[in-house]
Amino acid sequence: MKTVIPTLLLSIFLLSGCAATHNPDDPLETLNRGVYKFNEVADKAVMKPVAKAYDFVMPRFGKIMFNNFISNLDDFVVTLNDLLQLKFSQAASDGSRFIINSTFGLGGFINVASRLEKHHEDFGQTLGYWGISSGPYLVLPILGPSTLRDTTGLYIDTVTDLPSKIEDIPTRNKYYVGSFIHRRSNLLDSGEVLDAAALDKYQMLRDSYLLHRKSLVYDGSPPRPSYDDFDDEEDDYDF
């Protein structure tokens with residue numbers, strides 16, 4: 001087993017025929033493009049058809065209620081990260097959402113606290129809040145775009161969220177699979193737009209992901225690049 005994963009990664013690396021664009025945020029681009037191609041094949045063969053079937057079979061009210069349930073569980077992790085980022089008023093709001101929806105909203109299936117703003121905080125953002133750089137861009141098998149910082153944050157959020165506390169493993173796995181299919185079904189329309197608009201889908205997905213995550217870390221107001229950043233970019237094109 002120890003030799004299988006390195007062999008798989010090496011195979012993906014060798015099969016990736018796209019030339020790297022030398023983006024400083026993506027030093028592992030050749031490997032990442034290989035994983036991206038693997039994800040595309042897996043998505044077209046399995047995940048997208050399953051998501052379409054789910055979207056077709058599940059009634060609209062069922063999708064809304066399940067989305068509310070997932071969002072409510074997410075509010076628990078969001079509240080923890082609010083506190084870690086010293087956003088106490090936001091933590092009070094998100095914590096109230098979780099408590100109200102968990103009790104009066106039938107476990108979160110009904111969003112009775114809709115007047116309270118929904119926030120999005122995770123441990124990757126918390127690390128960024130405390131000055132930890134994003135590190136290299138990564139494409140994770142099945143899960144898709146990430147960075148070294150966000151991958152660390154994803155692990156921490158996963159082991160601290162409420163579904164991870166479910167002792168019955170089959171039940172816990174059913175929730176994770178169901179939530180993954182639901183989230184994938186929500187991306188069906190955006191996936192069609194990406195297919196139609198992007199000349200290089202990998203590059204467009206990477207750049208939009210990095211910009212989005214940077215915006216989240218700085219609460220929508222990321223710092224402007226300095227003149228030194230432009231000087232460094234000019235140096236990259238010196239002959």
# chains A, B, ... in the order shown; residues from 1 in each chain; ligands from 1
>>> residues_around(residues="Asp55 in chain A", least_positions_apart="3", cutoff="12 Å", atoms="only C-alpha atoms", output="JSON, numbers by chain")
{"A": [48, 49, 50, 51, 52, 58, 59, 60, 61, 62, 63, 64, 181, 182, 183, 184, 185, 186, 187, 188, 189]}
>>> atom_distance(atom1="CA of Ile100 in chain A", atom2="CA of Val78 in chain A")
15.1 Å
>>> atom_distance(atom1="CA of Ala91 in chain A", atom2="CA of Thr79 in chain A")
5.0 Å
>>> select_by_dssp(residues="range 97-205 of chain A", states="strand (DSSP E or B)", output="PyMOL selection string")
chain A and resi 137-140+144-147
>>> write_last_selection(atoms="C-alpha atoms", output="mmCIF file, in the first residue's frame")
data_model
loop_
_atom_site.group_PDB
_atom_site.id
_atom_site.type_symbol
_atom_site.label_atom_id
_atom_site.label_comp_id
_atom_site.auth_asym_id
_atom_site.auth_seq_id
_atom_site.Cartn_x
_atom_site.Cartn_y
_atom_site.Cartn_z
ATOM 1 C CA TYR A 137 -1.865 25.725 -4.917
ATOM 2 C CA LEU A 138 -3.025 22.113 -4.813
ATOM 3 C CA VAL A 139 -5.620 20.086 -6.692
ATOM 4 C CA LEU A 140 -6.893 17.335 -4.413
ATOM 5 C CA GLY A 144 -10.622 19.713 -6.333
ATOM 6 C CA PRO A 145 -8.983 23.151 -5.834
ATOM 7 C CA SER A 146 -7.178 23.894 -2.582
ATOM 8 C CA THR A 147 -3.905 25.170 -1.161
#
>>> closest_residue(among="A:Glu167, A:Pro141, A:Gly107, A:Leu211", to="Asn32 in chain A", atoms="only C-alpha atoms")
A:Pro141
>>> residues_around(residues="Asp82 in chain A", least_positions_apart="3", cutoff="12 Å", atoms="only C-alpha atoms", output="JSON, numbers by chain")
{"A": [75, 76, 77, 78, 79, 85, 86, 87, 88, 89, 90, 91, 92, 93, 94, 95, 119, 120, 121, 122, 123, 125, 126, 127, 129, 217]}
>>> write_last_selection(atoms="N, CA and C atoms", output="CSV table (one decimal), in the first residue's frame")
chain,number,residue,atom,x,y,z
A,75,ASP,N,-22.9,26.0,10.2
A,75,ASP,CA,-22.8,27.2,11.1
A,75,ASP,C,-22.1,26.8,12.4
A,76,PHE,N,-22.1,25.6,12.8
A,76,PHE,CA,-21.4,25.2,14.0
A,76,PHE,C,-19.9,25.4,13.8
A,77,VAL,N,-19.3,25.0,12.7
A,77,VAL,CA,-17.9,25.2,12.4
A,77,VAL,C,-17.6,26.6,12.2
A,78,VAL,N,-18.5,27.3,11.5
A,78,VAL,CA,-18.3,28.8,11.2
A,78,VAL,C,-18.2,29.5,12.6
A,79,THR,N,-19.1,29.2,13.5
A,79,THR,CA,-19.0,29.9,14.8
A,79,THR,C,-17.7,29.7,15.5
A,85,GLN,N,-11.1,33.8,15.2
A,85,GLN,CA,-10.7,35.0,14.5
A,85,GLN,C,-11.1,36.3,15.3
A,86,LEU,N,-11.5,36.1,16.5
A,86,LEU,CA,-11.9,37.2,17.4
A,86,LEU,C,-13.0,38.0,16.9
A,87,LYS,N,-13.9,37.4,16.0
A,87,LYS,CA,-15.1,38.1,15.5
A,87,LYS,C,-16.3,37.8,16.4
A,88,PHE,N,-16.3,38.4,17.5
A,88,PHE,CA,-17.3,38.0,18.6
A,88,PHE,C,-18.7,38.3,18.2
A,89,SER,N,-19.0,39.5,17.6
A,89,SER,CA,-20.3,39.8,17.3
A,89,SER,C,-20.8,38.9,16.2
A,90,GLN,N,-20.0,38.5,15.2
A,90,GLN,CA,-20.3,37.6,14.2
A,90,GLN,C,-20.5,36.2,14.7
A,91,ALA,N,-19.7,35.8,15.7
A,91,ALA,CA,-19.9,34.5,16.4
A,91,ALA,C,-21.2,34.5,17.1
A,92,ALA,N,-21.6,35.6,17.7
A,92,ALA,CA,-22.9,35.6,18.4
A,92,ALA,C,-24.1,35.4,17.4
A,93,SER,N,-23.9,36.0,16.2
A,93,SER,CA,-25.0,35.9,15.2
A,93,SER,C,-25.0,34.5,14.6
A,94,ASP,N,-23.8,33.9,14.3
A,94,ASP,CA,-23.8,32.6,13.7
A,94,ASP,C,-24.2,31.5,14.7
A,95,GLY,N,-23.8,31.7,16.0
A,95,GLY,CA,-24.2,30.8,17.0
A,95,GLY,C,-25.6,30.8,17.3
A,119,HIS,N,-22.8,33.6,7.4
A,119,HIS,CA,-21.4,33.9,7.1
A,119,HIS,C,-20.7,32.6,6.7
A,120,HIS,N,-19.5,32.8,6.2
A,120,HIS,CA,-18.7,31.6,5.7
A,120,HIS,C,-17.3,31.8,6.2
A,121,GLU,N,-17.0,31.0,7.3
A,121,GLU,CA,-15.6,31.0,7.8
A,121,GLU,C,-15.2,29.6,8.0
A,122,ASP,N,-13.9,29.3,7.7
A,122,ASP,CA,-13.4,28.0,7.9
A,122,ASP,C,-12.0,28.1,8.5
A,123,PHE,N,-11.4,27.0,8.8
A,123,PHE,CA,-10.1,27.1,9.5
A,123,PHE,C,-8.9,27.5,8.6
A,125,GLN,N,-9.4,30.0,6.5
A,125,GLN,CA,-9.5,31.4,6.6
A,125,GLN,C,-8.9,31.9,8.0
A,126,THR,N,-9.1,31.1,9.0
A,126,THR,CA,-8.6,31.4,10.3
A,126,THR,C,-7.1,31.4,10.3
A,127,LEU,N,-6.4,30.5,9.6
A,127,LEU,CA,-5.0,30.5,9.5
A,127,LEU,C,-4.5,31.7,8.7
A,129,TYR,N,-6.1,34.6,8.6
A,129,TYR,CA,-6.4,35.7,9.5
A,129,TYR,C,-5.2,36.0,10.4
A,217,VAL,N,-10.4,35.6,3.1
A,217,VAL,CA,-9.5,35.8,4.2
A,217,VAL,C,-9.6,37.3,4.7
>>> residues_around(residues="range 197-208 of chain A", least_positions_apart="5", cutoff="12 Å", atoms="only C-alpha atoms", output="mmCIF file with C-alpha atoms, in the first residue's frame")
data_model
loop_
_atom_site.group_PDB
_atom_site.id
_atom_site.type_symbol
_atom_site.label_atom_id
_atom_site.label_comp_id
_atom_site.auth_asym_id
_atom_site.auth_seq_id
_atom_site.Cartn_x
_atom_site.Cartn_y
_atom_site.Cartn_z
ATOM 1 C CA CYS A 18 0.349 20.371 -20.436
ATOM 2 C CA ALA A 19 3.246 22.756 -20.103
ATOM 3 C CA ALA A 20 3.458 24.700 -16.863
ATOM 4 C CA THR A 21 2.697 28.419 -17.014
ATOM 5 C CA HIS A 22 5.163 29.195 -14.196
ATOM 6 C CA ASN A 23 2.588 30.805 -11.918
ATOM 7 C CA PRO A 24 4.459 31.428 -8.632
ATOM 8 C CA ASP A 25 1.379 30.331 -6.669
ATOM 9 C CA ASP A 26 1.314 27.022 -8.535
ATOM 10 C CA GLU A 29 1.294 22.842 -11.840
ATOM 11 C CA THR A 30 2.290 19.795 -13.869
ATOM 12 C CA ASN A 32 -1.876 19.508 -10.375
ATOM 13 C CA ARG A 33 -2.945 19.391 -14.008
ATOM 14 C CA GLY A 34 -2.629 15.620 -13.916
ATOM 15 C CA VAL A 35 -4.838 15.382 -10.830
ATOM 16 C CA TYR A 36 -7.250 17.845 -12.464
ATOM 17 C CA LYS A 37 -7.529 15.592 -15.525
ATOM 18 C CA ASN A 39 -10.912 14.543 -11.468
ATOM 19 C CA GLU A 40 -12.517 15.538 -14.765
ATOM 20 C CA PRO A 136 1.328 26.287 -2.978
ATOM 21 C CA TYR A 137 -1.865 25.725 -4.917
ATOM 22 C CA LEU A 138 -3.025 22.113 -4.813
ATOM 23 C CA VAL A 139 -5.620 20.086 -6.692
ATOM 24 C CA GLY A 144 -10.622 19.713 -6.333
ATOM 25 C CA PRO A 145 -8.983 23.151 -5.834
ATOM 26 C CA SER A 146 -7.178 23.894 -2.582
ATOM 27 C CA THR A 147 -3.905 25.170 -1.161
ATOM 28 C CA SER A 190 -21.812 26.769 -13.205
ATOM 29 C CA GLY A 191 -19.969 23.793 -14.678
ATOM 30 C CA GLU A 192 -21.749 24.284 -17.995
ATOM 31 C CA ARG A 213 -10.065 32.584 -1.071
ATOM 32 C CA LYS A 214 -7.967 35.733 -0.729
ATOM 33 C CA SER A 215 -11.142 37.799 -0.699
#
>>> residues_around(residues="Ser102 in chain A", least_positions_apart="6", cutoff="9 Å", atoms="only C-alpha atoms", output="VMD selection string")
chain A and resid 69 72 to 73 108 to 110
>>> write_last_selection(atoms="N, CA and C atoms", output="compact mmCIF listing (two decimals), in the first residue's frame")
# COMPACT_ATOMS: atom_id res chain seq x y z
N PHE A 69 -30.26 21.92 6.15
CA PHE A 69 -29.66 21.03 7.14
C PHE A 69 -28.13 21.08 7.08
N ASN A 72 -26.90 24.44 8.30
CA ASN A 72 -26.99 24.57 9.74
C ASN A 72 -25.82 23.88 10.43
N LEU A 73 -25.47 22.69 9.98
CA LEU A 73 -24.30 22.01 10.53
C LEU A 73 -23.03 22.82 10.28
N GLY A 108 -32.65 21.94 11.88
CA GLY A 108 -31.97 22.69 10.83
C GLY A 108 -32.59 22.53 9.45
N PHE A 109 -33.60 21.68 9.32
CA PHE A 109 -34.23 21.48 8.02
C PHE A 109 -35.03 22.70 7.57
N ILE A 110 -35.45 23.53 8.53
CA ILE A 110 -36.17 24.76 8.21
C ILE A 110 -35.34 25.94 8.71
>>> atom_distance(atom1="CA of Val159 in chain A", atom2="CA of Ser134 in chain A")
20.6 Å
>>> closest_residue(among="A:Tyr218, A:Tyr209, A:Tyr155, A:Phe180", to="Phe66 in chain A", atoms="only C-alpha atoms")
A:Phe180
>>> decode(residues="range 70-87 of chain A", atoms="N, CA and C atoms", output="compact mmCIF listing (two decimals), in the first residue's frame")
# COMPACT_ATOMS: atom_id res chain seq x y z
N ILE A 70 -27.59 21.01 5.86
CA ILE A 70 -26.14 21.07 5.67
C ILE A 70 -25.61 22.43 6.13
N SER A 71 -26.32 23.49 5.75
CA SER A 71 -25.91 24.85 6.11
C SER A 71 -25.93 25.04 7.63
N ASN A 72 -26.90 24.44 8.30
CA ASN A 72 -26.99 24.57 9.74
C ASN A 72 -25.82 23.88 10.43
N LEU A 73 -25.47 22.69 9.98
CA LEU A 73 -24.30 22.01 10.53
C LEU A 73 -23.03 22.82 10.28
N ASP A 74 -22.98 23.46 9.12
CA ASP A 74 -21.83 24.30 8.78
C ASP A 74 -21.71 25.48 9.73
N ASP A 75 -22.86 26.00 10.20
CA ASP A 75 -22.84 27.16 11.11
C ASP A 75 -22.10 26.85 12.40
N PHE A 76 -22.10 25.59 12.82
CA PHE A 76 -21.37 25.21 14.03
C PHE A 76 -19.87 25.45 13.84
N VAL A 77 -19.33 24.99 12.73
CA VAL A 77 -17.91 25.17 12.43
C VAL A 77 -17.61 26.65 12.18
N VAL A 78 -18.53 27.33 11.50
CA VAL A 78 -18.35 28.76 11.24
C VAL A 78 -18.23 29.53 12.55
N THR A 79 -19.08 29.19 13.53
CA THR A 79 -19.04 29.88 14.83
C THR A 79 -17.71 29.66 15.54
N LEU A 80 -17.20 28.43 15.48
CA LEU A 80 -15.90 28.16 16.09
C LEU A 80 -14.81 29.00 15.46
N ASN A 81 -14.83 29.12 14.13
CA ASN A 81 -13.81 29.91 13.45
C ASN A 81 -14.02 31.41 13.65
N ASP A 82 -15.27 31.84 13.83
CA ASP A 82 -15.51 33.23 14.22
C ASP A 82 -14.76 33.56 15.51
N LEU A 83 -14.91 32.68 16.49
CA LEU A 83 -14.27 32.90 17.79
C LEU A 83 -12.75 32.89 17.66
N LEU A 84 -12.21 31.97 16.85
CA LEU A 84 -10.76 31.90 16.66
C LEU A 84 -10.22 33.14 15.96
N GLN A 85 -11.08 33.81 15.18
CA GLN A 85 -10.68 35.04 14.50
C GLN A 85 -11.08 36.30 15.29
N LEU A 86 -11.54 36.09 16.52
CA LEU A 86 -11.90 37.21 17.41
C LEU A 86 -13.05 38.04 16.85
N LYS A 87 -13.90 37.43 16.04
CA LYS A 87 -15.08 38.11 15.49
C LYS A 87 -16.27 37.77 16.38
